[in-house]
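Reviewing the structure listed below.
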Amino acid sequence: MITYENVAKIFGSGPEAVTAIKNISFEIEKGNLVIFLGPSGCGKTTLLRLTNRLITLTRGTITVNGQDVMKADPVKLRQSMGYAIQQIGLFPNKTIADNISTVPRLLGWDRKKIQERVGELLAMVQLEPAAFRDRFPAELSGGQQQRIGVARCLAANPDILLMDEPFGAIDPINREEIQNEFLRLQRKLKKTIAFVTHDIHEAIKMGDKIAIFQDGNLVQYDKPEIILAQPKNQYIADFVGADRALKVLGLLRVEEVMDRNPSNVVDGKTSANEALKFLEDKGFRHLVVLRGGKAVGYIHPRQLKYETSPVQDLAIAYPVRVDEDMALRDVISFMLMHDMRVLAVMDGDGNFAGTVTYDQIQKRILEMYAGEDEKKPAKDQE
Ligand SMILES: Nc1ncnc2c1ncn2[C@@H]1O[C@H](COP(=O)(O)OP(=O)(O)OP(=O)(O)O)[C@@H](O)[C@H]1O
Ligand SMILES: [Mg+2]
């Protein structure tokens, strides 16, 4: 855990003094990945450097796992935390392997263990160990160097990671893969992480919580979905973007809004005229056709008129497969592409699990933006 209590940092003194951090209090819980977000110059890097005491606090207290950093041994403190610096900062005259193993060597790990660790970390950042181990930083692209910076920060397996725009120089495709790999690792290792980024998408994807700064102040500190749904002021709303409802949809899953017991369902063997009667009696606009627990498709009244065959022969197959853990953003995208307002949802075995509707999704968004209890289950629609 990291706690910041009335933290202030002023660089220099007199008329040239720069107040980089004004008065910040918050805490990063153990095992959480917290994003530091904000425009250039708002104090993100300064806060990281105060945390591992590369620079000295002006006022306030920072504690790391209960220890006041200003009372800790600065060398030990720094070795106990991984730090990926914004400028990457590899040692140019050392090989990649030596760069990565800087802290393990200081800690006296044996050669074999270091070798193994270097291989493991290179693989994690998606660089072929045999090809990169013995090169020098100048022989790597900027994005590759940055990945080495991330590997170095993880090398001695510290509990606390301070990462300053660690993926900023990596192209979108590799970045996505490294983010995913990093998240997989984080789910397992549960490090306590302060992670700086300029990228709101990265923030939403990676952060357990997001801290948004402005001019040395902490403006909002919340879970990503709360930041998106209830930005505290116009500054935050502008920062997260006009498409914040779409961004929220990237965080919400089908299982959170779906109807698990829709009543507009019909067995495939039902005859068309029976199905039509059922549809008209209930006032449904369409029916989901099931056979052996699976959704074979859907039917509209106009397909049933003058027909007598079983509905399973008339059903139109769903154009896409929707799973319970799919992001609502993807579902909405399917709905727009295929001009559909309802899709069938499948469980892990491919069986019909319920339906997801455009109206349910919209209702959920409206609830969130009205600031209502976000855990309230969505009600049936159709
Ligand atoms: N050593 C220093 N001496 C004087 N001023 C400094 C020093 N380091 C940072 N500052 C100032 O403190 C403020 C915050 O800087 P900081 O590097 O923390 O910003 P940042 O949020 O990390 O920005 P960026 O997104 O551009 O990396 C800036 O106004 C910067 O000019
Ligand atoms: Mg910075």
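Chain labels A, B, ... are given in the sequence in which chains occur in the structure tokens; within each chain residues are numbered consecutively from 1, and ligands are likewise numbered from 1 in the order shown.
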
Margin query: I'd like to know which residues of segment 150-318 of chain A are strand (DSSP E or B) (by DSSP, run on the backbone); could you write them as a count of residues only?
Written below: 42

Practice prompt. Name each residue within 12 Å of ligand 1, counting only C-alpha atoms and all ligand atoms, as a ChimeraX atom specification.
Written response: /A:8-13,16-22,36-50,54-56,85-87,163-166,168,195-199,211-218

Write to file, as an mmCIF file, in the first residue's frame, the residues of the selection just made, with C-alpha atoms.
data_model
loop_
_atom_site.group_PDB
_atom_site.id
_atom_site.type_symbol
_atom_site.label_atom_id
_atom_site.label_comp_id
_atom_site.auth_asym_id
_atom_site.auth_seq_id
_atom_site.Cartn_x
_atom_site.Cartn_y
_atom_site.Cartn_z
ATOM 1 C CA ALA A 8 3.444 19.023 -1.630
ATOM 2 C CA LYS A 9 6.512 19.548 -3.772
ATOM 3 C CA ILE A 10 8.041 22.893 -4.591
ATOM 4 C CA PHE A 11 11.105 22.957 -6.844
ATOM 5 C CA GLY A 12 13.574 25.751 -6.119
ATOM 6 C CA SER A 13 12.834 28.768 -4.004
ATOM 7 C CA GLU A 16 11.743 30.948 -9.510
ATOM 8 C CA ALA A 17 10.005 28.398 -7.286
ATOM 9 C CA VAL A 18 7.746 25.930 -9.119
ATOM 10 C CA THR A 19 4.945 24.304 -7.157
ATOM 11 C CA ALA A 20 4.646 20.945 -8.903
ATOM 12 C CA ILE A 21 2.400 19.242 -6.315
ATOM 13 C CA LYS A 22 0.106 21.412 -4.237
ATOM 14 C CA PHE A 36 -2.039 8.677 -12.880
ATOM 15 C CA LEU A 37 -3.665 10.677 -15.641
ATOM 16 C CA GLY A 38 -3.458 14.332 -16.566
ATOM 17 C CA PRO A 39 -1.970 16.817 -19.014
ATOM 18 C CA SER A 40 1.716 17.500 -19.393
ATOM 19 C CA GLY A 41 3.212 19.259 -16.399
ATOM 20 C CA CYS A 42 0.446 18.375 -13.924
ATOM 21 C CA GLY A 43 2.883 16.566 -11.623
ATOM 22 C CA LYS A 44 2.612 12.846 -12.455
ATOM 23 C CA THR A 45 6.326 12.132 -12.756
ATOM 24 C CA THR A 46 7.047 14.281 -9.738
ATOM 25 C CA LEU A 47 4.692 12.175 -7.643
ATOM 26 C CA LEU A 48 6.419 8.954 -8.715
ATOM 27 C CA ARG A 49 9.848 10.373 -7.954
ATOM 28 C CA LEU A 50 8.666 11.482 -4.526
ATOM 29 C CA LEU A 54 14.488 10.302 -6.004
ATOM 30 C CA ILE A 55 13.451 13.772 -4.942
ATOM 31 C CA THR A 56 12.664 15.112 -1.502
ATOM 32 C CA ILE A 85 11.221 5.938 -16.119
ATOM 33 C CA GLN A 86 9.556 8.092 -18.733
ATOM 34 C CA GLN A 87 12.716 8.505 -20.841
ATOM 35 C CA MET A 163 5.738 3.018 -14.162
ATOM 36 C CA ASP A 164 5.974 6.298 -16.047
ATOM 37 C CA GLU A 165 4.219 5.965 -19.414
ATOM 38 C CA PRO A 166 5.755 2.504 -19.768
ATOM 39 C CA GLY A 168 4.059 5.230 -24.539
ATOM 40 C CA PHE A 195 1.083 3.742 -13.651
ATOM 41 C CA VAL A 196 1.317 7.043 -15.531
ATOM 42 C CA THR A 197 -0.299 7.401 -18.920
ATOM 43 C CA HIS A 198 -1.644 10.082 -21.259
ATOM 44 C CA ASP A 199 -3.843 7.556 -22.964
ATOM 45 C CA ALA A 211 -6.332 9.494 -10.370
ATOM 46 C CA ILE A 212 -6.770 12.577 -12.542
ATOM 47 C CA PHE A 213 -4.519 15.531 -11.816
ATOM 48 C CA GLN A 214 -4.611 19.174 -12.807
ATOM 49 C CA ASP A 215 -1.908 21.724 -11.989
ATOM 50 C CA GLY A 216 -0.549 19.765 -9.028
ATOM 51 C CA ASN A 217 -3.971 18.924 -7.576
ATOM 52 C CA LEU A 218 -5.808 15.624 -7.496
#

*asked:* At a cut-off of 10 Å, using only C-alpha atoms, what residues contact segment 181-190 of chain A? Leave out same-chain residues fewer than 2 positions from it and give the result as a list in words.
replied: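 Returned residues: Lys30, Gly31, Asn32, Leu33, Met124, Val125, Gln126, Val150, Asn157, Asp159, Ile160, Arg175, Glu176, Glu177, Ile178, Gln179, Thr192, Ile193, Lys205, Met206 and Gly207 of chain A.
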
Review point. What separation in Å, quoted to one decimal, exists between atom CA of Gln360 of chain A and atom CA of Val248 of chain A?
Key: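 About the pair atom CA of Gln360 of chain A and atom CA of Val248 of chain A: they are 14.4 Å apart.
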
Note to self: One decimal, in Å: what's the spacing between atom CA of Val288 of chain A and atom CA of Val265 of chain A?
What the structure shows: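 Going from atom CA of Val288 of chain A over to atom CA of Val265 of chain A covers 4.7 Å.
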
Handout entry: For ligand 2, the nearest of the candidates A:Pro231, A:Ala84, A:His338, A:Ala245, counting only C-alpha atoms and all ligand atoms
Key =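 Using only C-alpha atoms and all ligand atoms, the shortest distance to ligand 2 belongs to A:Ala84.
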
Using only C-alpha atoms, the shortest atom-to-atom distance to Pro74 of chain A among A:Asp110, A:Asn52, A:Leu154, A:Gly60 belongs to A:Asn52

Open item on the list: Report as a VMD selection string all protein, DNA and RNA residues lying within 12 Å of Glu116 of chain A, evaluated on only C-alpha atoms, omitting residues in the same chain fewer than 4 positions from it.
Closed with: chain A and resid 97 100 to 101 104 109 to 112 120 to 123 129 to 130 133 155

Output of the above residues as a PDB file, in the first residue's frame, restricted to N, CA and C atoms:
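New file out17.pdb:
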ATOM      1  N   ALA A  97      20.709  -7.804 -21.549  1.00  0.00           N
ATOM      2  CA  ALA A  97      20.657  -8.691 -20.376  1.00  0.00           C
ATOM      3  C   ALA A  97      21.176  -7.966 -19.138  1.00  0.00           C
ATOM      4  N   ILE A 100      18.652  -5.314 -17.956  1.00  0.00           N
ATOM      5  CA  ILE A 100      17.495  -5.883 -17.255  1.00  0.00           C
ATOM      6  C   ILE A 100      17.870  -6.343 -15.856  1.00  0.00           C
ATOM      7  N   SER A 101      19.076  -6.903 -15.738  1.00  0.00           N
ATOM      8  CA  SER A 101      19.425  -7.533 -14.456  1.00  0.00           C
ATOM      9  C   SER A 101      20.142  -6.597 -13.489  1.00  0.00           C
ATOM     10  N   PRO A 104      18.745  -7.185  -9.760  1.00  0.00           N
ATOM     11  CA  PRO A 104      19.117  -8.521  -9.271  1.00  0.00           C
ATOM     12  C   PRO A 104      20.623  -8.656  -8.998  1.00  0.00           C
ATOM     13  N   TRP A 109      21.955 -11.840  -6.734  1.00  0.00           N
ATOM     14  CA  TRP A 109      21.407 -13.095  -7.280  1.00  0.00           C
ATOM     15  C   TRP A 109      22.522 -13.857  -7.994  1.00  0.00           C
ATOM     16  N   ASP A 110      22.407 -15.213  -8.041  1.00  0.00           N
ATOM     17  CA  ASP A 110      23.454 -15.948  -8.766  1.00  0.00           C
ATOM     18  C   ASP A 110      23.197 -15.909 -10.270  1.00  0.00           C
ATOM     19  N   ARG A 111      24.270 -16.197 -11.040  1.00  0.00           N
ATOM     20  CA  ARG A 111      24.249 -16.012 -12.500  1.00  0.00           C
ATOM     21  C   ARG A 111      23.112 -16.762 -13.196  1.00  0.00           C
ATOM     22  N   LYS A 112      22.923 -18.006 -12.738  1.00  0.00           N
ATOM     23  CA  LYS A 112      21.948 -18.853 -13.412  1.00  0.00           C
ATOM     24  C   LYS A 112      20.541 -18.275 -13.230  1.00  0.00           C
ATOM     25  N   GLU A 120      12.944 -14.999 -19.099  1.00  0.00           N
ATOM     26  CA  GLU A 120      11.522 -14.931 -18.742  1.00  0.00           C
ATOM     27  C   GLU A 120      10.936 -13.543 -19.052  1.00  0.00           C
ATOM     28  N   LEU A 121      11.693 -12.517 -18.668  1.00  0.00           N
ATOM     29  CA  LEU A 121      11.199 -11.143 -18.834  1.00  0.00           C
ATOM     30  C   LEU A 121      11.181 -10.726 -20.303  1.00  0.00           C
ATOM     31  N   LEU A 122      12.196 -11.138 -21.055  1.00  0.00           N
ATOM     32  CA  LEU A 122      12.207 -10.811 -22.486  1.00  0.00           C
ATOM     33  C   LEU A 122      11.004 -11.449 -23.167  1.00  0.00           C
ATOM     34  N   ALA A 123      10.720 -12.681 -22.793  1.00  0.00           N
ATOM     35  CA  ALA A 123       9.552 -13.335 -23.378  1.00  0.00           C
ATOM     36  C   ALA A 123       8.273 -12.585 -22.992  1.00  0.00           C
ATOM     37  N   PRO A 129      14.299 -13.885 -26.591  1.00  0.00           N
ATOM     38  CA  PRO A 129      15.482 -13.761 -25.721  1.00  0.00           C
ATOM     39  C   PRO A 129      16.804 -13.967 -26.461  1.00  0.00           C
ATOM     40  N   ALA A 130      16.900 -15.024 -27.271  1.00  0.00           N
ATOM     41  CA  ALA A 130      18.184 -15.313 -27.932  1.00  0.00           C
ATOM     42  C   ALA A 130      18.613 -14.160 -28.837  1.00  0.00           C
ATOM     43  N   ARG A 133      19.118 -10.616 -26.035  1.00  0.00           N
ATOM     44  CA  ARG A 133      19.919 -10.673 -24.815  1.00  0.00           C
ATOM     45  C   ARG A 133      21.250  -9.915 -24.894  1.00  0.00           C
ATOM     46  N   ALA A 155      12.363  -6.789 -12.860  1.00  0.00           N
ATOM     47  CA  ALA A 155      13.398  -7.823 -12.757  1.00  0.00           C
ATOM     48  C   ALA A 155      13.480  -8.500 -11.387  1.00  0.00           C
TER      49      ALA A 155
END

- Could you check which of A:Val118, A:Leu162, A:Val296, A:Leu228 is closest to ligand 2, using only C-alpha atoms and all ligand atoms?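 Going through A:Val118, A:Leu162, A:Val296, A:Leu228 one by one, the smallest distance to ligand 2 is for A:Leu162.
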
Hey, what's within 12 Å of Glu274 of chain A if we count only C-alpha atoms and toss same-chain stuff fewer than 3 positions away? As a list in words, please?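 So, after excluding close chain neighbours, the residues are Val266, Asp267, Gly268, Lys269, Thr270, Ser271, Lys277, Phe278, Leu279, Glu280, Asp281, Pro301, Leu304, Lys305, Tyr306, Glu307, Thr308, Ser309, Pro310 and Val311 of chain A.
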
### Atomic separation - atom CA of Pro158 of chain A relative to atom CA of Gln146 of chain A, Å
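According to the coordinates, atom CA of Gln146 of chain A and atom CA of Pro158 of chain A are separated by 18.7 Å.
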
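Each of A:Ile2, A:Ala317, A:Ile28, A:Leu161 was checked against Arg78 of chain A using only C-alpha atoms; the smallest atom-to-atom distance is that of A:Leu161.
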
Residues at most 8 Å from Ala327 of chain A, counting only C-alpha atoms, excluding those fewer than 3 positions away in the same chain, as a list of chain:residue names?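 Contacts, with the query itself left out: A:Leu249, A:Gly250, A:Leu251, A:Leu252, A:Arg253, A:Val254, A:Asp330, A:Val331.
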